[in-house]
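Content type PDB, C-alpha atoms, from the file start-v4.pdb:
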ATOM      1  CA  MET A  67     157.670  55.644  79.581  1.00  0.00           C
ATOM      2  CA  ARG A  68     156.006  54.312  76.416  1.00  0.00           C
ATOM      3  CA  VAL A  69     152.579  55.728  75.533  1.00  0.00           C
ATOM      4  CA  ASP A  70     150.137  53.561  73.610  1.00  0.00           C
ATOM      5  CA  LEU A  71     148.667  56.062  71.155  1.00  0.00           C
ATOM      6  CA  ARG A  72     145.793  53.743  70.256  1.00  0.00           C
ATOM      7  CA  ALA A  73     144.727  53.603  73.916  1.00  0.00           C
ATOM      8  CA  VAL A  74     144.956  57.392  74.265  1.00  0.00           C
ATOM      9  CA  LEU A  75     142.940  57.893  71.071  1.00  0.00           C
ATOM     10  CA  ALA A  76     140.309  55.389  72.210  1.00  0.00           C
ATOM     11  CA  LEU A  77     140.029  57.191  75.558  1.00  0.00           C
ATOM     12  CA  VAL A  78     139.687  60.589  73.884  1.00  0.00           C
ATOM     13  CA  LEU A  79     137.014  59.283  71.502  1.00  0.00           C
ATOM     14  CA  THR A  80     135.146  57.571  74.330  1.00  0.00           C
ATOM     15  CA  LEU A  81     135.194  60.650  76.550  1.00  0.00           C
ATOM     16  CA  GLY A  82     134.299  62.940  73.656  1.00  0.00           C
ATOM     17  CA  ALA A  83     131.406  60.898  72.292  1.00  0.00           C
ATOM     18  CA  PRO A  84     128.792  61.721  74.959  1.00  0.00           C
ATOM     19  CA  ALA A  85     129.543  65.438  74.696  1.00  0.00           C
ATOM     20  CA  ILE A  86     129.110  65.317  70.923  1.00  0.00           C
ATOM     21  CA  SER A  87     125.953  63.195  70.934  1.00  0.00           C
ATOM     22  CA  HIS A  88     124.226  65.183  73.693  1.00  0.00           C
ATOM     23  CA  ALA A  89     125.409  68.636  72.613  1.00  0.00           C
ATOM     24  CA  ASN A  90     122.389  68.975  70.317  1.00  0.00           C
ATOM     25  CA  GLY A  91     119.977  67.968  73.105  1.00  0.00           C
ATOM     26  CA  THR A  92     118.605  64.932  71.287  1.00  0.00           C
ATOM     27  CA  GLY A  93     121.196  62.324  72.230  1.00  0.00           C
ATOM     28  CA  LEU A  94     121.637  61.532  68.526  1.00  0.00           C
ATOM     29  CA  GLY A  95     124.702  62.240  66.414  1.00  0.00           C
ATOM     30  CA  ALA A  96     122.835  63.384  63.272  1.00  0.00           C
ATOM     31  CA  PRO A  97     119.302  64.247  64.421  1.00  0.00           C
ATOM     32  CA  VAL A  98     116.573  64.949  61.885  1.00  0.00           C
ATOM     33  CA  PRO A  99     113.324  66.457  63.243  1.00  0.00           C
ATOM     34  CA  LEU A 100     110.268  64.466  62.201  1.00  0.00           C
ATOM     35  CA  GLY A 101     107.376  66.062  64.027  1.00  0.00           C
ATOM     36  CA  GLN A 102     106.051  68.023  66.952  1.00  0.00           C
ATOM     37  CA  ALA A 103     102.689  67.936  68.712  1.00  0.00           C
ATOM     38  CA  THR A 104     101.100  69.426  71.825  1.00  0.00           C
ATOM     39  CA  LEU A 105      98.941  67.345  74.147  1.00  0.00           C
ATOM     40  CA  ARG A 106      96.074  69.225  75.751  1.00  0.00           C
ATOM     41  CA  PHE A 107      93.608  68.011  78.351  1.00  0.00           C
ATOM     42  CA  LEU A 108      90.358  69.960  78.821  1.00  0.00           C
ATOM     43  CA  GLY A 109      91.977  72.795  76.871  1.00  0.00           C
ATOM     44  CA  PHE A 110      95.055  73.005  79.105  1.00  0.00           C
ATOM     45  CA  GLU A 111      98.485  72.263  77.687  1.00  0.00           C
ATOM     46  CA  VAL A 112     100.114  69.206  79.276  1.00  0.00           C
ATOM     47  CA  TYR A 113     103.289  68.902  77.199  1.00  0.00           C
ATOM     48  CA  THR A 114     104.768  69.457  73.772  1.00  0.00           C
ATOM     49  CA  ALA A 115     106.486  66.444  72.240  1.00  0.00           C
ATOM     50  CA  THR A 116     109.199  66.540  69.579  1.00  0.00           C
ATOM     51  CA  LEU A 117     110.543  63.493  67.726  1.00  0.00           C
ATOM     52  CA  HIS A 118     113.952  63.187  66.049  1.00  0.00           C
ATOM     53  CA  THR A 119     115.416  60.256  64.199  1.00  0.00           C
ATOM     54  CA  GLU A 120     119.028  59.463  63.353  1.00  0.00           C
ATOM     55  CA  GLY A 121     119.960  60.683  59.876  1.00  0.00           C
ATOM     56  CA  ALA A 122     116.644  59.996  58.087  1.00  0.00           C
ATOM     57  CA  ASP A 123     113.557  62.074  57.408  1.00  0.00           C
ATOM     58  CA  GLN A 124     111.093  59.194  57.681  1.00  0.00           C
ATOM     59  CA  PHE A 125     109.851  57.383  60.759  1.00  0.00           C
ATOM     60  CA  ASP A 126     111.202  53.854  61.149  1.00  0.00           C
ATOM     61  CA  TRP A 127     111.145  51.748  64.325  1.00  0.00           C
ATOM     62  CA  ASP A 128     114.492  50.264  63.236  1.00  0.00           C
ATOM     63  CA  ARG A 129     116.317  53.636  63.441  1.00  0.00           C
ATOM     64  CA  PRO A 130     117.566  55.383  66.583  1.00  0.00           C
ATOM     65  CA  LEU A 131     114.935  57.770  67.959  1.00  0.00           C
ATOM     66  CA  SER A 132     114.852  60.682  70.383  1.00  0.00           C
ATOM     67  CA  LEU A 133     111.587  61.874  71.922  1.00  0.00           C
ATOM     68  CA  ARG A 134     111.527  65.107  73.917  1.00  0.00           C
ATOM     69  CA  LEU A 135     108.634  66.081  76.188  1.00  0.00           C
ATOM     70  CA  ASP A 136     108.486  69.725  77.335  1.00  0.00           C
ATOM     71  CA  TYR A 137     106.106  69.881  80.284  1.00  0.00           C
ATOM     72  CA  ALA A 138     103.631  72.697  80.913  1.00  0.00           C
ATOM     73  CA  ARG A 139     102.267  71.043  84.080  1.00  0.00           C
ATOM     74  CA  GLY A 140     103.717  69.279  87.083  1.00  0.00           C
ATOM     75  CA  PHE A 141     103.597  65.533  87.707  1.00  0.00           C
ATOM     76  CA  SER A 142     105.109  63.367  90.430  1.00  0.00           C
ATOM     77  CA  ALA A 143     107.445  60.511  89.582  1.00  0.00           C
ATOM     78  CA  GLU A 144     104.663  58.134  90.659  1.00  0.00           C
ATOM     79  CA  ASP A 145     102.182  59.853  88.289  1.00  0.00           C
ATOM     80  CA  LEU A 146     104.601  59.326  85.385  1.00  0.00           C
ATOM     81  CA  LEU A 147     105.203  55.681  86.276  1.00  0.00           C
ATOM     82  CA  GLN A 148     101.495  54.919  86.704  1.00  0.00           C
ATOM     83  CA  GLY A 149     100.677  56.667  83.430  1.00  0.00           C
ATOM     84  CA  THR A 150     103.324  54.529  81.721  1.00  0.00           C
ATOM     85  CA  ARG A 151     101.900  51.362  83.297  1.00  0.00           C
ATOM     86  CA  LYS A 152      98.319  52.181  82.249  1.00  0.00           C
ATOM     87  CA  GLU A 153      99.262  53.052  78.676  1.00  0.00           C
ATOM     88  CA  LEU A 154     101.417  49.943  78.248  1.00  0.00           C
ATOM     89  CA  GLN A 155      98.550  47.762  79.449  1.00  0.00           C
ATOM     90  CA  ARG A 156      96.049  49.584  77.249  1.00  0.00           C
ATOM     91  CA  ILE A 157      98.224  49.285  74.121  1.00  0.00           C
ATOM     92  CA  GLU A 158      99.664  45.789  74.529  1.00  0.00           C
ATOM     93  CA  GLY A 159      97.475  44.138  77.157  1.00  0.00           C
ATOM     94  CA  THR A 160      99.037  42.371  80.111  1.00  0.00           C
ATOM     95  CA  ARG A 161     102.348  40.732  79.255  1.00  0.00           C
ATOM     96  CA  SER A 162     104.342  38.505  81.554  1.00  0.00           C
ATOM     97  CA  ASP A 163     107.434  40.732  81.433  1.00  0.00           C
ATOM     98  CA  GLN A 164     105.613  44.028  82.069  1.00  0.00           C
ATOM     99  CA  PRO A 165     106.307  44.095  85.840  1.00  0.00           C
ATOM    100  CA  GLU A 166     110.029  43.602  85.214  1.00  0.00           C
ATOM    101  CA  MET A 167     110.107  46.279  82.513  1.00  0.00           C
ATOM    102  CA  LEU A 168     108.166  48.748  84.676  1.00  0.00           C
ATOM    103  CA  LYS A 169     110.501  48.101  87.619  1.00  0.00           C
ATOM    104  CA  LYS A 170     113.417  49.079  85.376  1.00  0.00           C
ATOM    105  CA  LEU A 171     111.612  52.156  84.036  1.00  0.00           C
ATOM    106  CA  ALA A 172     110.703  53.262  87.583  1.00  0.00           C
ATOM    107  CA  THR A 173     114.357  54.238  88.075  1.00  0.00           C
ATOM    108  CA  CYS A 174     113.987  56.825  85.279  1.00  0.00           C
ATOM    109  CA  PHE A 175     111.206  58.992  86.613  1.00  0.00           C
ATOM    110  CA  ARG A 176     111.534  62.146  88.694  1.00  0.00           C
ATOM    111  CA  ALA A 177     108.932  64.791  89.481  1.00  0.00           C
ATOM    112  CA  VAL A 178     108.522  67.377  86.731  1.00  0.00           C
ATOM    113  CA  GLY A 179     107.137  70.899  86.699  1.00  0.00           C
ATOM    114  CA  ASP A 180     106.276  73.594  84.198  1.00  0.00           C
ATOM    115  CA  GLY A 181     109.358  74.149  82.003  1.00  0.00           C
ATOM    116  CA  ASP A 182     111.035  70.787  82.696  1.00  0.00           C
ATOM    117  CA  HIS A 183     111.827  68.435  79.836  1.00  0.00           C
ATOM    118  CA  TYR A 184     112.537  64.741  79.483  1.00  0.00           C
ATOM    119  CA  VAL A 185     114.410  63.301  76.516  1.00  0.00           C
ATOM    120  CA  ALA A 186     114.102  59.560  75.856  1.00  0.00           C
ATOM    121  CA  VAL A 187     116.832  58.345  73.505  1.00  0.00           C
ATOM    122  CA  SER A 188     116.850  54.882  71.988  1.00  0.00           C
ATOM    123  CA  THR A 189     119.913  54.015  69.925  1.00  0.00           C
ATOM    124  CA  THR A 190     119.187  50.261  69.882  1.00  0.00           C
ATOM    125  CA  PRO A 191     115.849  48.405  69.831  1.00  0.00           C
ATOM    126  CA  ASP A 192     116.386  47.151  73.400  1.00  0.00           C
ATOM    127  CA  THR A 193     117.628  50.297  75.177  1.00  0.00           C
ATOM    128  CA  VAL A 194     116.298  53.655  76.278  1.00  0.00           C
ATOM    129  CA  GLU A 195     118.257  56.366  78.044  1.00  0.00           C
ATOM    130  CA  MET A 196     116.322  59.135  79.740  1.00  0.00           C
ATOM    131  CA  ARG A 197     117.503  62.631  80.604  1.00  0.00           C
ATOM    132  CA  LEU A 198     115.658  65.171  82.721  1.00  0.00           C
ATOM    133  CA  ASN A 199     116.702  68.744  81.901  1.00  0.00           C
ATOM    134  CA  GLY A 200     119.904  67.355  80.375  1.00  0.00           C
ATOM    135  CA  ALA A 201     120.909  65.123  83.321  1.00  0.00           C
ATOM    136  CA  ARG A 202     120.759  61.371  82.739  1.00  0.00           C
ATOM    137  CA  THR A 203     118.310  59.619  85.046  1.00  0.00           C
ATOM    138  CA  CYS A 204     118.660  56.090  83.676  1.00  0.00           C
ATOM    139  CA  ARG A 205     119.704  53.738  80.933  1.00  0.00           C
ATOM    140  CA  VAL A 206     117.347  50.757  80.695  1.00  0.00           C
ATOM    141  CA  SER A 207     117.758  47.566  78.691  1.00  0.00           C
ATOM    142  CA  HIS A 208     114.803  45.283  78.011  1.00  0.00           C
ATOM    143  CA  PRO A 209     113.715  43.281  74.942  1.00  0.00           C
ATOM    144  CA  ASP A 210     111.977  45.506  72.357  1.00  0.00           C
ATOM    145  CA  LEU A 211     111.962  48.456  74.787  1.00  0.00           C
ATOM    146  CA  ARG A 212     112.138  51.127  72.061  1.00  0.00           C
ATOM    147  CA  LYS A 213     108.919  50.078  70.388  1.00  0.00           C
ATOM    148  CA  ARG A 214     107.083  49.198  73.587  1.00  0.00           C
ATOM    149  CA  PHE A 215     107.944  52.278  75.677  1.00  0.00           C
ATOM    150  CA  LEU A 216     108.090  54.911  72.927  1.00  0.00           C
ATOM    151  CA  GLY A 217     104.969  53.339  71.426  1.00  0.00           C
ATOM    152  CA  ILE A 218     103.040  55.107  74.199  1.00  0.00           C
ATOM    153  CA  TRP A 219     103.534  58.269  72.095  1.00  0.00           C
ATOM    154  CA  LEU A 220     104.365  56.891  68.641  1.00  0.00           C
ATOM    155  CA  SER A 221     102.159  53.845  68.091  1.00  0.00           C
ATOM    156  CA  PRO A 222      99.076  54.144  65.858  1.00  0.00           C
ATOM    157  CA  ASN A 223      97.313  52.611  68.910  1.00  0.00           C
ATOM    158  CA  SER A 224      98.440  55.394  71.259  1.00  0.00           C
ATOM    159  CA  ARG A 225      95.854  57.362  73.213  1.00  0.00           C
ATOM    160  CA  SER A 226      95.991  60.117  70.563  1.00  0.00           C
ATOM    161  CA  ALA A 227      96.442  58.718  67.054  1.00  0.00           C
ATOM    162  CA  ARG A 228      96.505  62.289  65.651  1.00  0.00           C
ATOM    163  CA  LEU A 229      99.330  63.338  67.985  1.00  0.00           C
ATOM    164  CA  SER A 230     101.269  60.157  67.151  1.00  0.00           C
ATOM    165  CA  ALA A 231     100.905  60.745  63.412  1.00  0.00           C
ATOM    166  CA  GLN A 232     102.108  64.346  63.816  1.00  0.00           C
ATOM    167  CA  LEU A 233     105.161  63.163  65.747  1.00  0.00           C
ATOM    168  CA  ARG A 234     105.979  60.547  63.096  1.00  0.00           C
ATOM    169  CA  GLY A 235     105.829  63.316  60.466  1.00  0.00           C
ATOM    170  CA  GLU A 236     102.721  61.981  58.748  1.00  0.00           C
TER
END

Let me see the file written as structure tokens.
Amino acid sequence: MRVDLRAVLALVLTLGAPAISHANGTGLGAPVPLGQATLRFLGFEVYTATLHTEGADQFDWDRPLSLRLDYARGFSAEDLLQGTRKELQRIEGTRSDQPEMLKKLATCFRAVGDGDHYVAVSTTPDTVEMRLNGARTCRVSHPDLRKRFLGIWLSPNSRSARLSAQLRGE
């Protein structure tokens, strides 16, 4: 029996890649922390967000990003989806492809409680993978998804410009 060493090597590299990229919890191969901020509502902590970028110490929409949210409060999957919908509409207005994008993102959300964490990883401008407590919940592809979805937290037009600036390391 003849073994194709290139095929075996490709299989080993393919199987090993997710373990390497997710071993650090960010989903990035060479994560660099940019910033961290805590969102509070009426004095109560809602979540702490942490942003990493791939191999650079400056924020750039063109680089892979990883955003982690550590929750201090519980929310249903529907709460998370509706919050996403409201913030997208507030930031970018109503766009014709929003319903399609939100339908895709709906597959990502699960209920969260105190101590749970979501990590949203975007390695290309059009994709976001989400993990809840380390388990992948989805991988979504949609035009300009990184900037549109992660813009909820990172855009200068986000609900909290101060929190966004802190996350971007400014």

### Task
Within 8 Å of Ser224 in chain A, counting only C-alpha atoms, which residues show up once you throw out same-chain ones fewer than 6 positions away? Write them as JSON, numbers by chain, please.
{"A": [153, 157, 217, 218, 230]}

### Message
Between A:Leu220, A:Gln148, A:Arg214, A:Gly93, which residue has the minimum interatomic distance to Arg197 in chain A, considering all atoms listed in the file?
### Response
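Selected residue with least distance to Arg197 in chain A: A:Gly93.
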
### Message
Can you tell me which residues surround Leu131 in chain A at a distance of at most 9 Å, considering all atoms listed in the file, apart from same-chain residues fewer than 2 positions away, and format the answer as a ChimeraX atom specification?
### Response
/A:92-94,97,117-120,125-129,133,186-190,212,216

### Task
Rank A:Arg139, A:Cys174, A:Ala201, A:Pro99 by their smallest atom-to-atom distance to Asp123 in chain A, using only C-alpha atoms, and report the top residue only.
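Result for the nearest residue to Asp123 in chain A: A:Pro99.
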
### Task
List the residues sitting within 12 Å of (113.1, 44.6, 74.9) in the file's frame, using only C-alpha atoms, as a PyMOL selection string.
chain A and resi 163-164+166-168+170-171+188+190-194+206-216

### Query
Which one is closest to Leu135 in chain A: A:Ser162, A:Gln102, A:Gln155, A:Thr150? Count only C-alpha atoms.
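Nearest candidate to Leu135 in chain A out of A:Ser162, A:Gln102, A:Gln155, A:Thr150: A:Gln102.
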
#### Entry: Interatomic distance, CA of Val112 in chain A to CA of Asp136 in chain A (Å, one decimal)
8.6 Å

### Query
Hey, can you check how far CA of Asp145 in chain A sits from CA of Ser226 in chain A?
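Value for the CA of Asp145 in chain A-CA of Ser226 in chain A distance: 18.8 Å.
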
### Task
List the residues selected by the PyMOL selection byres ((chain A and resi 175) around 9) in the file shown, writing them as a ChimeraX atom specification.
/A:142-144,146-147,171-174,176-178,196,198,203-204

### Task
Could you jot down the CA of Ala227 in chain A to CA of Gly200 in chain A separation for me, Å, one decimal place?
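Between CA of Ala227 in chain A and CA of Gly200 in chain A the gap works out to 28.3 Å.
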
### Distance query Arg106 in chain A at most 12 Å, all atoms listed in the file, self and fewer than 3 positions along chain excluded, as a PyMOL selection string
chain A and resi 103+109-115+137-139+226+229

### Task
Could you check which of A:Asp180, A:Ser132, A:Thr160, A:Gly95 is closest to Arg234 in chain A, using only C-alpha atoms?
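So, comparing all the options, the nearest one is A:Ser132.
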
With 6 Å added on each side, what axis-aligned box encloses every listed atom of range 179-182 of chain A? Give the centre and edge lengths in Å to one decimal, as JSON.
{"center_x": 108.7, "center_y": 72.5, "center_z": 84.4, "size_x": 16.8, "size_y": 15.4, "size_z": 16.7}

### Query
Taking all atoms listed in the file into account, which of A:Ala96, A:Leu154, A:Leu108, A:Ala122 comes nearest Arg225 in chain A?
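Residue with the minimum atom-to-atom distance to Arg225 in chain A: A:Leu154.
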